[in-house]
Amino acid sequence: IYAACWLFFFTPRPDIVFCDLVSVCIPFLRLFIPRVIYYCHHPDQVLTAPGGSLKSLYRAPLNYLEEVTTGQADKIFVNSIYTGKVFRRTFTRLTVTPEILYPSLHTEFFDKSYVAPLEKTLDRKLPKDSIVLLSINRYERKKNLELAIEALAQLKTKLNDEQFRKILLIMAGGYDKRVEENVEYHLELVGLADELGVADNVIFMRSPSDSEKVSLLKHCDILIYTPPNEHFGIVPLEAMYFEKPVVAHNSGGPMETIVNEKTGFLVKDLTGEAFAEKIGELIKDQETRLKFGKAGKERVISTFSFQAFTDQLSKTVDNLLK
């Protein structure tokens, strides 16, 4: 709201303001800005954890305010078809149909980044001909990271000892020691790996730097994406740009980014056994891994590139200014 009000004193005032994530500022912008575009990543009221009667009373006016202010935008984008469905199911008072505007990747950053050897990034010597499985997600329970460890444990039953020794699962993600959930969940995952007898095959990385992330994406063989009903999910696109096949749950945004059996696998059941089956297929078939990876990069460039994002947004801006 403060930033929106500050624009009142800005000279010259913009003809259009692109408002991202938070809609409460839109009524203030509409007082002196001709056009407002709102980009909804996910309704805030859906992201908050459910509570009792007191929380429901507390959230009621906030939820109403979010819906009313969102509807005051001249143009509304959502980041996926899945989010569009959630939008219409949540904001029942609104009659507007939001347009899909897929997020883009900053591919230029990836292209220009120095790629460190994986052993340097991990500070660890790896077995010859290692197969590296990668999971990148914040250390939050809703990300369902234990699924990757459970899948690894199932792989142990499908591979012989020599094959399994070459398998390495890297669990990398955002971590803040001040956030209790991050600390607790990380410890739970470490304990789970030990309990399932796969601790020697798992490396946990907390808050990898951008350069470390690039190294992980470049050198991994398969990306495992575990969150169910993710409203979009940028990590699969990043892996696809690095020509890596992706194994994800058949729900949410990955249903739009991943083409099943062409750029990766969309797994119907959210179980370690089901994920392990598809991961195992890719481990045993390098040709398919390479084929999926090449198709994945082509898909990112054609559909999710910065140029595709720019072209669609520029067309909308031109139409609003007519």
# chains A, B, ... in the order shown; residues from 1 in each chain; ligands from 1
call {"tool": "select_by_dssp", "arguments": {"residues": "stretch 24-226 of chain A", "states": "helix (DSSP H, G or I)", "output": "PyMOL selection string"}}
result
chain A and resi 26-30+44-47+53-70+81-90+107-112+118-122+141-143+146-158+161-165+180-195+199-201+210-219
call {"tool": "residues_around", "arguments": {"residues": "stretch 7-21 of chain A", "least_positions_apart": "3", "cutoff": "7 Å", "atoms": "only C-alpha atoms", "output": "PyMOL selection string"}}
result
chain A and resi 3-4+32-41
call {"tool": "residues_around", "arguments": {"residues": "A:Arg165", "least_positions_apart": "3", "cutoff": "9 Å", "atoms": "only C-alpha atoms", "output": "JSON, numbers by chain"}}
result
{"A": [127, 130, 160, 161, 162, 168, 200, 201]}
call {"tool": "write_last_selection", "arguments": {"atoms": "all heavy atoms", "output": "mmCIF file, in the first residue's frame"}}
result
data_model
loop_
_atom_site.group_PDB
_atom_site.id
_atom_site.type_symbol
_atom_site.label_atom_id
_atom_site.label_comp_id
_atom_site.auth_asym_id
_atom_site.auth_seq_id
_atom_site.Cartn_x
_atom_site.Cartn_y
_atom_site.Cartn_z
ATOM 1 N N PRO A 127 31.618 -42.114 -6.440
ATOM 2 C CA PRO A 127 31.959 -43.354 -7.132
ATOM 3 C C PRO A 127 31.984 -43.138 -8.646
ATOM 4 O O PRO A 127 31.273 -42.294 -9.188
ATOM 5 C CB PRO A 127 30.812 -44.301 -6.749
ATOM 6 C CG PRO A 127 30.214 -43.711 -5.516
ATOM 7 C CD PRO A 127 30.397 -42.237 -5.629
ATOM 8 N N SER A 130 28.689 -42.619 -11.244
ATOM 9 C CA SER A 130 27.569 -42.384 -10.335
ATOM 10 C C SER A 130 26.325 -41.952 -11.109
ATOM 11 O O SER A 130 26.409 -41.274 -12.137
ATOM 12 C CB SER A 130 27.926 -41.290 -9.322
ATOM 13 O OG SER A 130 28.937 -41.714 -8.455
ATOM 14 N N ASN A 160 20.918 -54.385 -7.836
ATOM 15 C CA ASN A 160 21.888 -55.174 -7.080
ATOM 16 C C ASN A 160 22.815 -54.238 -6.297
ATOM 17 O O ASN A 160 22.803 -53.018 -6.503
ATOM 18 C CB ASN A 160 22.676 -56.123 -7.994
ATOM 19 C CG ASN A 160 23.479 -55.368 -9.063
ATOM 20 O OD1 ASN A 160 24.127 -54.358 -8.781
ATOM 21 N ND2 ASN A 160 23.438 -55.880 -10.282
ATOM 22 N N ASP A 161 23.626 -54.783 -5.421
ATOM 23 C CA ASP A 161 24.457 -53.969 -4.532
ATOM 24 C C ASP A 161 25.402 -53.064 -5.308
ATOM 25 O O ASP A 161 25.604 -51.894 -4.949
ATOM 26 C CB ASP A 161 25.258 -54.867 -3.585
ATOM 27 C CG ASP A 161 24.373 -55.557 -2.565
ATOM 28 O OD1 ASP A 161 23.222 -55.101 -2.386
ATOM 29 O OD2 ASP A 161 24.821 -56.540 -1.933
ATOM 30 N N GLU A 162 26.000 -53.592 -6.358
ATOM 31 C CA GLU A 162 26.941 -52.799 -7.154
ATOM 32 C C GLU A 162 26.233 -51.624 -7.821
ATOM 33 O O GLU A 162 26.750 -50.499 -7.850
ATOM 34 C CB GLU A 162 27.612 -53.678 -8.205
ATOM 35 C CG GLU A 162 28.659 -52.934 -9.023
ATOM 36 C CD GLU A 162 29.313 -53.813 -10.074
ATOM 37 O OE1 GLU A 162 29.030 -55.030 -10.094
ATOM 38 O OE2 GLU A 162 30.093 -53.273 -10.882
ATOM 39 N N LEU A 168 23.263 -41.841 -5.997
ATOM 40 C CA LEU A 168 23.402 -40.778 -5.004
ATOM 41 C C LEU A 168 22.197 -39.854 -5.093
ATOM 42 O O LEU A 168 21.869 -39.363 -6.176
ATOM 43 C CB LEU A 168 24.686 -39.976 -5.242
ATOM 44 C CG LEU A 168 24.934 -38.807 -4.280
ATOM 45 C CD1 LEU A 168 25.212 -39.316 -2.867
ATOM 46 C CD2 LEU A 168 26.101 -37.945 -4.766
ATOM 47 N N ASP A 200 23.932 -43.588 3.553
ATOM 48 C CA ASP A 200 25.208 -43.472 2.840
ATOM 49 C C ASP A 200 25.023 -42.996 1.404
ATOM 50 O O ASP A 200 25.995 -42.585 0.755
ATOM 51 C CB ASP A 200 25.932 -44.823 2.831
ATOM 52 C CG ASP A 200 26.425 -45.233 4.214
ATOM 53 O OD1 ASP A 200 26.535 -44.345 5.084
ATOM 54 O OD2 ASP A 200 26.694 -46.434 4.418
ATOM 55 N N ASN A 201 23.798 -43.053 0.909
ATOM 56 C CA ASN A 201 23.523 -42.657 -0.478
ATOM 57 C C ASN A 201 22.813 -41.310 -0.567
ATOM 58 O O ASN A 201 22.351 -40.932 -1.644
ATOM 59 C CB ASN A 201 22.664 -43.721 -1.160
ATOM 60 C CG ASN A 201 23.340 -45.064 -1.260
ATOM 61 O OD1 ASN A 201 23.474 -45.778 -0.267
ATOM 62 N ND2 ASN A 201 23.792 -45.426 -2.453
#
call {"tool": "atom_distance", "arguments": {"atom1": "atom CA of A:Leu237", "atom2": "atom CA of A:Arg299"}}
result
9.0 Å
call {"tool": "closest_residue", "arguments": {"among": "A:His249, A:Arg93, A:Lys291, A:Lys244", "to": "A:Val68", "atoms": "only C-alpha atoms"}}
result
A:Arg93
call {"tool": "closest_residue", "arguments": {"among": "A:Gln307, A:Ser215, A:Asn260, A:Gln312", "to": "A:Val115", "atoms": "only C-alpha atoms"}}
result
A:Ser215
call {"tool": "residues_around", "arguments": {"residues": "A:Phe309", "least_positions_apart": "2", "cutoff": "7 Å", "atoms": "only C-alpha atoms", "output": "list of chain:residue names"}}
result
A:Leu101, A:Tyr102, A:Pro103, A:Ser104, A:Phe304, A:Ser305, A:Phe306, A:Gln307, A:Asp311, A:Gln312, A:Leu313
call {"tool": "residues_around", "arguments": {"residues": "A:His42", "least_positions_apart": "6", "cutoff": "8 Å", "atoms": "only C-alpha atoms", "output": "PyMOL selection string"}}
result
chain A and resi 21+78+83+86-87+231
